[in-house]
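Novice: As input, take upload25.txt (compact mmCIF, C-alpha atoms):
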```
# COMPACT_ATOMS: atom_id res chain seq x y z
CA MET A 1 111.37 111.03 -7.82
CA VAL A 2 115.08 110.53 -7.97
CA ALA A 3 116.84 112.61 -10.57
CA ALA A 4 120.29 111.42 -11.48
CA ALA A 5 122.35 113.35 -14.00
CA VAL A 6 124.19 111.04 -16.30
CA ALA A 7 126.73 112.72 -18.55
CA GLY A 8 125.88 111.40 -22.00
CA ALA A 9 127.93 112.04 -25.10
CA ALA A 10 125.40 111.53 -27.87
CA GLY A 11 121.67 111.09 -28.45
CA ALA A 12 119.63 107.99 -29.40
CA LEU A 13 116.62 106.71 -31.36
CA GLY A 14 114.01 103.95 -31.07
CA GLY A 15 112.93 101.04 -33.47
CA ALA A 16 110.38 97.96 -34.00
CA ALA A 17 109.82 94.10 -34.80
CA ALA A 18 107.23 91.61 -36.22
CA VAL A 19 104.78 89.43 -34.35
CA GLY A 20 106.17 86.13 -35.52
CA GLY A 21 105.54 83.06 -33.47
CA TRP A 22 109.06 82.42 -32.30
CA ALA A 23 109.53 78.94 -31.02
CA VAL A 24 112.98 78.32 -29.63
CA ARG A 25 114.67 75.20 -28.46
CA ALA A 26 117.89 75.44 -26.46
CA LEU A 27 120.68 73.16 -27.60
CA GLY A 28 121.68 70.13 -25.61
CA GLY A 29 122.04 70.16 -21.88
CA ALA A 30 122.95 72.82 -19.38
CA ALA A 31 126.11 74.88 -19.61
CA ALA A 32 128.94 73.85 -17.36
CA PRO A 33 129.78 76.39 -14.68
CA GLY A 34 132.45 78.80 -15.79
CA GLY A 35 134.45 78.56 -12.60
CA GLY A 36 137.58 80.60 -12.94
CA ALA A 37 137.30 80.95 -16.72
CA ALA A 38 136.99 84.42 -18.16
CA ARG A 39 133.81 83.66 -20.11
CA ALA A 40 131.23 81.12 -19.05
CA PRO A 41 130.41 78.73 -21.93
CA ARG A 42 127.13 79.55 -23.58
CA LEU A 43 124.62 77.49 -25.47
CA TRP A 44 122.58 78.89 -28.28
CA GLY A 45 119.01 78.40 -29.30
CA TRP A 46 117.67 79.31 -32.63
CA GLY A 47 114.22 80.27 -33.82
CA TRP A 48 112.09 79.43 -36.79
CA GLY A 49 108.85 80.76 -38.17
CA GLY A 50 110.02 84.26 -39.08
CA SER A 51 110.30 85.20 -42.72
CA SER A 52 114.03 85.88 -42.44
CA ARG A 53 114.90 82.30 -41.48
CA ARG A 54 112.74 79.98 -43.49
CA LEU A 55 114.40 76.61 -43.09
CA TRP A 56 111.15 74.74 -43.65
CA VAL A 57 107.52 75.60 -44.19
CA PRO A 58 106.33 77.43 -41.13
CA SER A 59 103.51 75.98 -39.10
CA GLY A 60 100.03 77.42 -39.46
CA GLN A 61 100.28 79.58 -36.41
CA ALA A 62 103.62 81.06 -37.42
CA ALA A 63 102.46 81.71 -40.98
CA ALA A 64 99.36 83.51 -39.80
CA ALA A 65 101.27 85.50 -37.24
CA ALA A 66 104.00 86.50 -39.68
CA SER A 67 101.60 88.39 -41.94
CA PRO A 68 101.14 92.14 -41.31
CA PRO A 69 98.62 92.85 -38.59
CA ASP A 70 95.29 94.65 -38.94
CA PRO A 71 95.53 98.16 -40.41
CA SER A 72 94.62 99.90 -37.17
CA GLY A 73 97.63 98.28 -35.50
CA ALA A 74 95.70 98.02 -32.30
CA LEU A 75 96.63 94.46 -31.46
CA SER A 76 100.24 94.55 -32.59
CA PRO A 77 101.58 98.08 -32.94
CA PHE A 78 105.21 97.03 -33.29
CA ASP A 79 107.06 95.26 -36.07
CA ARG A 80 109.08 92.71 -34.12
CA GLN A 81 111.09 91.56 -37.12
CA LEU A 82 112.29 95.10 -37.64
CA LYS A 83 113.09 95.49 -33.97
CA ARG A 84 115.18 92.36 -34.16
CA LYS A 85 117.06 93.74 -37.17
CA GLN A 86 117.62 97.06 -35.43
CA LYS A 87 118.93 95.44 -32.28
CA ASN A 88 121.20 93.19 -34.29
CA TRP A 89 122.51 96.19 -36.20
CA ALA A 90 123.09 98.13 -32.99
CA ALA A 91 124.95 95.20 -31.45
CA LEU A 92 127.29 95.06 -34.46
CA GLN A 93 128.35 98.69 -34.14
CA PRO A 94 132.11 99.18 -33.75
CA GLU A 95 131.75 100.48 -30.19
CA PRO A 96 128.70 98.85 -28.66
CA ALA A 97 129.53 100.30 -25.26
CA LYS A 98 129.22 103.88 -26.52
CA CYS A 99 125.46 104.02 -26.31
CA ASP A 100 125.04 101.62 -23.42
CA TYR A 101 125.26 104.13 -20.60
CA LEU A 102 121.54 104.16 -19.91
CA ARG A 103 121.10 100.40 -19.97
CA GLU A 104 124.09 99.91 -17.72
CA GLU A 105 122.78 102.40 -15.21
CA VAL A 106 119.36 100.80 -15.13
CA GLY A 107 120.84 97.30 -15.07
CA GLY A 108 122.83 98.27 -12.02
CA ARG A 109 119.72 99.57 -10.29
CA VAL A 110 117.76 96.41 -11.02
CA ALA A 111 120.64 94.35 -9.68
CA ASP A 112 120.55 96.48 -6.52
CA ARG A 113 116.93 95.51 -6.06
CA VAL A 114 117.79 91.87 -6.47
CA PHE A 115 120.37 92.22 -3.71
CA ASP A 116 117.82 93.96 -1.52
CA ILE A 117 115.88 90.73 -1.38
CA THR A 118 117.79 88.57 1.04
CA ARG A 119 117.30 85.34 -0.79
CA ALA A 120 119.34 83.13 -3.02
CA PHE A 121 117.79 82.28 -6.38
CA PRO A 122 118.85 78.96 -7.88
CA LEU A 123 117.48 79.71 -11.35
CA ALA A 124 116.86 83.14 -12.82
CA LEU A 125 115.64 84.47 -16.15
CA ASP A 126 116.60 87.74 -17.79
CA VAL A 127 113.99 88.79 -20.35
CA GLY A 128 115.33 91.07 -23.07
CA SER A 129 118.79 90.94 -21.62
CA GLY A 130 120.74 92.59 -24.44
CA ARG A 131 124.39 92.32 -23.59
CA GLY A 132 123.68 91.26 -20.04
CA TYR A 133 123.56 94.53 -18.13
CA ILE A 134 122.03 93.03 -15.03
CA ALA A 135 124.11 89.87 -14.98
CA GLN A 136 127.41 91.70 -14.74
CA HIS A 137 126.41 93.09 -11.35
CA LEU A 138 125.05 89.90 -9.87
CA THR A 139 127.03 87.40 -7.82
CA LYS A 140 127.05 83.63 -7.72
CA GLU A 141 125.70 83.62 -4.16
CA THR A 142 122.53 85.46 -5.15
CA VAL A 143 121.83 83.81 -8.48
CA GLU A 144 123.21 80.35 -9.10
CA LYS A 145 122.25 80.02 -12.73
CA LEU A 146 120.95 82.52 -15.22
CA ILE A 147 119.15 82.17 -18.52
CA GLN A 148 119.33 85.21 -20.77
CA VAL A 149 116.62 85.71 -23.35
CA ASP A 150 116.81 88.28 -26.11
CA ILE A 151 115.39 88.69 -29.56
CA ALA A 152 118.73 89.74 -31.09
CA GLU A 153 121.42 87.10 -31.28
CA ASN A 154 124.24 89.56 -31.91
CA ALA A 155 123.64 91.19 -28.57
CA LEU A 156 123.87 87.84 -26.82
CA LYS A 157 127.06 87.01 -28.70
CA ASN A 158 128.70 90.20 -27.47
CA ALA A 159 127.49 89.67 -23.95
CA MET A 160 129.51 91.09 -21.10
CA GLU A 161 131.40 88.91 -18.70
CA THR A 162 129.73 87.69 -15.59
CA GLU A 163 130.70 85.19 -12.94
CA ILE A 164 127.34 83.41 -13.09
CA PRO A 165 126.97 80.41 -15.42
CA THR A 166 124.69 81.55 -18.22
CA VAL A 167 122.61 80.01 -20.97
CA SER A 168 121.59 82.30 -23.81
CA VAL A 169 118.36 81.73 -25.65
CA VAL A 170 117.11 83.67 -28.65
CA ALA A 171 113.39 84.14 -28.15
CA ASP A 172 110.65 86.72 -28.31
CA GLU A 173 109.64 88.17 -24.96
CA GLU A 174 106.01 87.37 -25.65
CA PHE A 175 106.55 83.72 -26.40
CA LEU A 176 108.82 82.40 -23.69
CA PRO A 177 109.76 78.78 -24.44
CA PHE A 178 109.86 77.57 -20.87
CA LYS A 179 107.72 75.27 -18.78
CA GLU A 180 105.62 76.81 -16.06
CA ASP A 181 106.95 77.01 -12.51
CA THR A 182 110.57 76.96 -13.59
CA PHE A 183 112.21 80.12 -12.30
CA ASP A 184 112.74 81.61 -8.89
CA LEU A 185 113.53 85.04 -10.27
CA VAL A 186 112.68 86.89 -13.45
CA VAL A 187 114.33 90.20 -14.23
CA SER A 188 113.76 92.52 -17.13
CA SER A 189 115.41 95.80 -17.92
CA LEU A 190 114.29 98.26 -20.58
CA SER A 191 112.97 95.84 -23.15
CA LEU A 192 109.27 95.41 -22.44
CA HIS A 193 108.30 98.72 -24.01
CA TRP A 194 108.53 97.18 -27.47
CA VAL A 195 106.31 94.22 -26.65
CA ASN A 196 103.11 94.07 -28.65
CA ASP A 197 100.91 92.49 -26.04
CA LEU A 198 102.15 93.54 -22.62
CA PRO A 199 99.41 91.84 -20.58
CA ARG A 200 100.24 88.60 -22.33
CA ALA A 201 103.95 89.04 -21.69
CA PHE A 202 103.26 89.57 -17.99
CA ARG A 203 101.06 86.47 -17.94
CA GLU A 204 103.79 84.41 -19.54
CA ILE A 205 106.29 85.64 -16.99
CA HIS A 206 103.87 84.84 -14.21
CA GLN A 207 103.48 81.37 -15.65
CA VAL A 208 107.16 80.52 -15.80
CA LEU A 209 107.73 81.77 -12.28
CA LYS A 210 107.52 79.37 -9.38
CA PRO A 211 105.03 80.12 -6.65
CA ASP A 212 106.91 82.53 -4.38
CA GLY A 213 108.93 83.64 -7.33
CA VAL A 214 109.98 87.25 -7.75
CA PHE A 215 109.70 89.46 -10.81
CA ILE A 216 111.82 92.59 -10.86
CA GLY A 217 111.69 94.80 -13.89
CA ALA A 218 112.33 98.24 -15.24
CA MET A 219 110.83 99.79 -18.30
CA PHE A 220 110.51 103.20 -19.85
CA GLY A 221 107.37 104.99 -18.94
CA GLY A 222 105.49 108.22 -18.75
CA ASP A 223 107.40 111.25 -19.90
CA THR A 224 110.30 109.52 -21.56
CA LEU A 225 111.65 111.45 -24.54
CA TYR A 226 109.15 114.19 -23.90
CA GLU A 227 111.23 116.94 -25.48
CA LEU A 228 111.96 114.89 -28.57
CA ARG A 229 108.33 114.04 -29.10
CA CYS A 230 107.20 117.64 -28.59
CA SER A 231 109.82 119.11 -30.88
CA LEU A 232 109.00 116.73 -33.71
CA GLN A 233 105.30 117.30 -33.26
CA LEU A 234 105.51 121.08 -33.28
CA ALA A 235 107.91 121.09 -36.20
CA GLU A 236 105.68 118.87 -38.27
CA LEU A 237 102.64 120.97 -37.43
CA GLU A 238 104.35 124.16 -38.45
CA ARG A 239 106.11 122.84 -41.53
CA GLU A 240 103.66 120.31 -42.88
CA GLY A 241 100.32 121.07 -41.30
CA GLY A 242 99.85 117.72 -39.58
CA PHE A 243 101.86 115.28 -37.53
CA SER A 244 102.34 111.57 -37.09
CA PRO A 245 103.73 109.76 -34.08
CA HIS A 246 107.50 109.35 -34.09
CA VAL A 247 108.03 108.32 -30.50
CA SER A 248 106.20 105.21 -29.39
CA PRO A 249 103.81 105.58 -26.46
CA PHE A 250 104.98 104.44 -23.06
CA THR A 251 103.07 102.78 -20.26
CA ALA A 252 101.85 104.94 -17.40
CA VAL A 253 102.63 104.00 -13.82
CA SER A 254 99.03 103.38 -12.87
CA ASP A 255 98.45 101.13 -15.87
CA LEU A 256 101.50 99.12 -14.95
CA GLY A 257 100.14 98.33 -11.51
CA HIS A 258 96.84 97.17 -12.99
CA LEU A 259 98.51 95.03 -15.61
CA LEU A 260 100.72 93.33 -13.08
CA SER A 261 97.90 92.53 -10.70
CA ARG A 262 95.73 91.28 -13.55
CA ALA A 263 98.53 88.95 -14.57
CA GLY A 264 98.37 87.44 -11.12
CA PHE A 265 101.17 89.10 -9.19
CA ASN A 266 100.78 89.98 -5.53
CA THR A 267 102.56 92.43 -3.30
CA LEU A 268 103.45 94.95 -5.93
CA THR A 269 105.80 97.83 -5.55
CA VAL A 270 105.94 100.25 -8.42
CA ASP A 271 108.05 103.36 -8.32
CA THR A 272 109.48 105.85 -10.73
CA ASP A 273 113.03 106.96 -11.24
CA GLU A 274 113.87 109.90 -13.39
CA ILE A 275 117.16 109.89 -15.22
CA GLN A 276 118.04 113.09 -16.98
CA VAL A 277 120.56 112.89 -19.78
CA ASN A 278 121.84 116.04 -21.41
CA TYR A 279 122.52 116.19 -25.13
CA PRO A 280 123.92 118.92 -27.36
CA GLY A 281 120.96 118.71 -29.72
CA LEU A 282 118.28 116.69 -31.46
CA PHE A 283 120.62 114.81 -33.78
CA GLU A 284 122.71 113.49 -30.96
CA VAL A 285 119.60 112.20 -29.23
CA MET A 286 118.45 110.40 -32.35
CA GLU A 287 121.90 109.01 -33.08
CA ASP A 288 122.21 107.55 -29.61
CA LEU A 289 118.72 106.07 -29.71
CA GLN A 290 119.64 104.35 -32.94
CA GLY A 291 122.88 103.12 -31.40
CA MET A 292 120.91 101.64 -28.51
CA GLY A 293 118.66 99.77 -30.92
CA GLU A 294 115.70 101.88 -29.86
CA SER A 295 114.68 103.18 -33.28
CA ASN A 296 110.99 103.37 -34.01
CA CYS A 297 109.44 100.15 -35.23
CA SER A 298 105.74 100.88 -35.10
CA TRP A 299 103.77 99.73 -38.10
CA ASN A 300 102.23 103.18 -38.37
CA ARG A 301 105.49 105.12 -38.34
CA LYS A 302 106.05 107.63 -41.08
CA PRO A 303 109.00 106.40 -43.12
CA LEU A 304 110.05 109.85 -44.24
CA LEU A 305 111.14 112.87 -42.27
CA HIS A 306 111.71 115.95 -44.39
CA ARG A 307 114.94 117.87 -44.08
CA GLU A 308 113.07 121.03 -43.25
CA THR A 309 111.13 119.29 -40.52
CA ILE A 310 114.32 117.94 -39.01
CA LEU A 311 115.85 121.39 -39.09
CA ALA A 312 112.77 122.95 -37.54
CA ALA A 313 112.61 120.25 -34.89
CA ALA A 314 116.27 120.76 -34.00
CA ALA A 315 115.71 124.49 -33.61
CA ILE A 316 112.65 123.95 -31.42
CA TYR A 317 114.47 121.34 -29.35
CA GLN A 318 117.19 123.87 -28.66
CA GLY A 319 114.68 126.45 -27.58
CA LYS A 320 112.72 124.08 -25.36
CA THR A 321 115.15 123.62 -22.55
CA SER A 322 118.08 125.98 -22.78
CA PRO A 323 117.82 129.17 -20.77
CA GLU A 324 118.25 132.37 -22.73
CA GLY A 325 121.81 133.23 -23.52
CA PHE A 326 123.27 130.08 -22.01
CA CYS A 327 125.38 127.52 -23.85
CA ASN A 328 123.55 124.68 -25.56
CA SER A 329 122.43 121.96 -23.23
CA PHE A 330 119.26 119.95 -23.76
CA THR A 331 117.65 117.41 -21.55
CA TRP A 332 116.10 114.06 -22.36
CA ARG A 333 113.91 113.14 -19.51
CA SER A 334 113.43 109.49 -18.95
CA GLY A 335 110.83 108.38 -16.48
CA LYS A 336 111.35 104.77 -15.71
CA ASN A 337 109.00 102.56 -13.81
CA LYS A 338 110.49 99.85 -11.70
CA TRP A 339 108.59 97.26 -9.87
CA THR A 340 109.04 94.28 -7.66
CA SER A 341 106.31 91.73 -7.35
CA PHE A 342 105.88 88.34 -5.78
CA LYS A 343 103.96 85.56 -7.38
CA LYS A 344 102.04 84.22 -4.43
CA LYS A 345 101.40 86.03 -1.21
CA LYS A 346 103.77 84.46 1.20
CA ILE A 347 106.73 86.70 1.79
CA VAL A 348 106.62 89.98 3.62
CA VAL A 349 106.56 92.84 1.20
CA HIS A 350 109.85 94.59 0.80
CA GLN A 351 109.49 98.22 1.71
CA LYS A 352 111.10 100.71 -0.61
CA GLN A 353 111.54 104.45 -0.22
CA MET B 1 117.77 101.92 -52.73
CA SER B 2 120.72 100.41 -54.53
CA GLY B 3 123.79 99.46 -52.57
CA GLN B 4 125.26 100.69 -49.38
CA GLY B 5 126.80 103.87 -50.80
CA VAL B 6 123.55 105.80 -50.69
CA TRP B 7 123.06 105.15 -47.01
CA LEU B 8 126.65 105.97 -46.15
CA ARG B 9 126.49 109.26 -48.02
CA THR B 10 123.13 110.13 -46.51
CA ARG B 11 124.37 109.37 -43.02
CA ALA B 12 127.51 111.41 -43.60
CA ARG B 13 125.35 114.34 -44.71
CA LEU B 14 123.12 114.01 -41.69
CA ARG B 15 126.08 113.91 -39.37
CA ARG B 16 127.07 117.38 -40.53
CA PHE B 17 123.73 118.87 -39.48
CA PRO B 18 124.66 119.71 -35.88
CA GLU B 19 127.81 121.63 -36.75
CA LEU B 20 126.04 123.54 -39.50
CA LEU B 21 123.18 124.32 -37.17
CA ALA B 22 125.59 125.54 -34.53
CA GLY B 23 126.49 128.47 -36.77
CA CYS B 24 122.87 129.56 -37.01
CA GLY B 25 122.09 129.88 -33.33
CA GLU B 26 120.33 133.22 -33.64
CA GLN B 27 117.95 132.19 -36.35
CA ALA B 28 117.24 128.90 -34.59
CA ALA B 29 116.47 130.70 -31.35
CA ALA B 30 114.19 133.17 -33.16
CA TYR B 31 112.33 130.34 -34.83
CA GLY B 32 112.01 128.47 -31.56
CA ARG B 33 110.61 131.53 -29.84
CA CYS B 34 108.12 132.09 -32.63
CA VAL B 35 106.86 128.51 -32.46
CA ALA B 36 106.64 128.63 -28.67
CA ALA B 37 104.60 131.83 -28.89
CA ALA B 38 102.35 130.46 -31.61
CA SER B 39 101.59 127.29 -29.70
CA ALA B 40 101.33 128.83 -26.24
CA GLY B 41 98.10 128.64 -24.31
CA SER B 42 95.08 127.72 -26.36
CA ALA B 43 96.47 128.86 -29.69
CA GLU B 44 96.67 126.15 -32.32
CA LEU B 45 99.82 125.97 -34.34
CA ARG B 46 98.98 126.22 -38.02
CA ARG B 47 101.06 125.50 -41.05
CA ASP B 48 103.59 128.18 -41.94
CA ALA B 49 102.83 130.10 -38.78
CA CYS B 50 106.52 131.01 -38.54
CA ALA B 51 107.41 130.89 -42.19
CA GLU B 52 109.69 133.96 -42.26
CA GLU B 53 111.77 132.86 -39.31
CA PHE B 54 112.11 129.45 -40.84
CA ARG B 55 113.14 130.90 -44.19
CA ALA B 56 115.86 132.90 -42.45
CA LEU B 57 117.02 129.76 -40.64
CA LYS B 58 117.02 127.73 -43.82
CA ASP B 59 119.01 130.37 -45.72
CA CYS B 60 121.59 130.57 -42.96
CA PHE B 61 121.82 126.78 -42.91
CA ALA B 62 122.21 126.57 -46.70
CA ARG B 63 124.94 129.20 -46.64
CA ALA B 64 126.77 127.33 -43.90
CA ALA B 65 126.51 124.12 -45.91
CA LYS B 66 127.90 125.78 -49.04
CA THR B 67 130.84 127.36 -47.27
CA ALA B 68 131.60 124.17 -45.35
CA VAL B 69 131.76 122.13 -48.56
CA LYS B 70 134.35 124.50 -49.95
```
Please go through the file and, once you have read it, give me the structure as structure tokens.

Specialist:
Amino acid sequence: MVAAAVAGAAGALGGAAAVGGWAVRALGGAAAPGGGAARAPRLWGWGWGGSSRRLWVPSGQAAAAASPPDPSGALSPFDRQLKRKQKNWAALQPEPAKCDYLREEVGGRVADRVFDITRAFPLALDVGSGRGYIAQHLTKETVEKLIQVDIAENALKNAMETEIPTVSVVADEEFLPFKEDTFDLVVSSLSLHWVNDLPRAFREIHQVLKPDGVFIGAMFGGDTLYELRCSLQLAELEREGGFSPHVSPFTAVSDLGHLLSRAGFNTLTVDTDEIQVNYPGLFEVMEDLQGMGESNCSWNRKPLLHRETILAAAAIYQGKTSPEGFCNSFTWRSGKNKWTSFKKKKIVVHQKQ
Amino acid sequence: MSGQGVWLRTRARLRRFPELLAGCGEQAAAYGRCVAAASAGSAELRRDACAEEFRALKDCFARAAKTAVK
């Protein structure tokens, strides 16, 4: 367990999106290499099938998928349309970099893992890239061309500068619009925890990877937002007599290993990093989560949070972690699971500490 | 909800919560301790288990809000 203290200014929230069948087609041909230009030229894809962009009558599959899922929410717990709206909103905030500290940190760590593998990757894919947190750390020698996929177009439009020629595609992580055996490298950082069908997403990634391809990812897991979840739960119990889930469940480390091997990956390495971010209080946590585009988007979320419950939760949150008589300082533990896996067993496994 | 004004006003109100709560540290700590005690071990936290502490916290908070507005 590696604990790194990251000085964070404000708190954050989480959010959701619908299970629409997003089919995306990238425009035209490949982007020309940026060379010495400040921003590499980008091409845009657009999606259809969702209710927000009805240009023509959606196909049968899209229409069926766009309707609300079964009441239990077992198959599709998250509202992907809402998640897309939340991410777009977050990307349009006046200072998008204010709440990006966590994603940048994790993006840097994933990029470190890419460098650890002494190979050059001609074509790479970044699933759920956001503003391109991994790409800004990568070099042209390691990755020759990168395709960034995200569900929110505003995030891609505000993407950070990188020296690698990039193509941006707006697509859902569960319905990747690529042929199989296309990519040498697939990376993903902190976006797979809002996917409805994670096994399916892993299978899709396995499919688009070439044999001998590498998949490096990081996602929230385990005890993430433990204090927030506990405080809200206790407050609701005390104030209202019952509670509903406000923080979406995260994948456990052991489950992750099973899912990856079931999807067909070999030579897995899964490890956990713990990043502790301190916040002044509950409101700052929720504000930052919202700024990150991580607001709750489960179908079964309670739309209303009473003022009294919020107040009670804030008081409990304060009491949970601050020592008696010390100045206010609350922690937001984030357990992240990172893994490296190879598609077919051919390369010696990379040993990690 | 009609228009954007409602959301802006609501958000502005919510943003004042932390500073108002900061003035009620004692009551918040007392309430937190009560809840921690009530939910410790095998005890089940029931509704209004810490009602008095919460009432004190709420009164302090309301007073802070009134004085801050002025």

Novice: Could you please select, counting all atoms listed in the file, the residues of chain A within 10 Å of chain B and state them as an NGL selection string?

Specialist: :A and (231 or 234-242 or 280-284 or 287 or 307-308 or 310-320 or 322 or 324-325 or 328)

Novice: Within 12 Å of Gly217 in chain A, counting all atoms listed in the file, which residues qualify if same-chain residues fewer than 6 places away don't, as number ranges by chain?

Specialist: A: 106-114, 125-129, 134, 185-193, 202, 205, 256, 260, 268-272, 336-342

Novice: Which of these, A:Ala124, A:Thr139, A:Trp194, A:Ala218, has the shortest distance to Ser295 in chain A once you count all atoms listed in the file?

Specialist: A:Trp194

Novice: Please return as a PyMOL selection string every residue within 9 Å of (124.9, 80.9, -7.7), taking into account only C-alpha atoms and the file's own coordinates.

Specialist: chain A and resi 120-123+139-146+163-165

Novice: Measuring atom to atom with all atoms listed in the file, identify which of A:Arg200, A:Leu304, A:Arg229, A:Phe250 is nearest to Arg262 in chain A.

Specialist: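 When distances to Arg262 in chain A are compared using all atoms listed in the file, the smallest one comes from A:Arg200.
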
Novice: Which is closer to Leu176 in chain A than all the others in A:Leu198, A:Glu204, A:Ile151, A:Lys83, using all atoms listed in the file?

Specialist: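 When distances to Leu176 in chain A are compared using all atoms listed in the file, the smallest one comes from A:Glu204.
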
Novice: Which distance in Å separates CA of His137 in chain A and CA of Pro96 in chain A, to one decimal?

Specialist: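 Rounded to one decimal, the two atoms are 18.4 Å apart.
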
Novice: Please indicate the distance in Å from CA of Pro77 in chain A to CA of Tyr133 in chain A, rounded to one decimal place.

Specialist: 26.7 Å
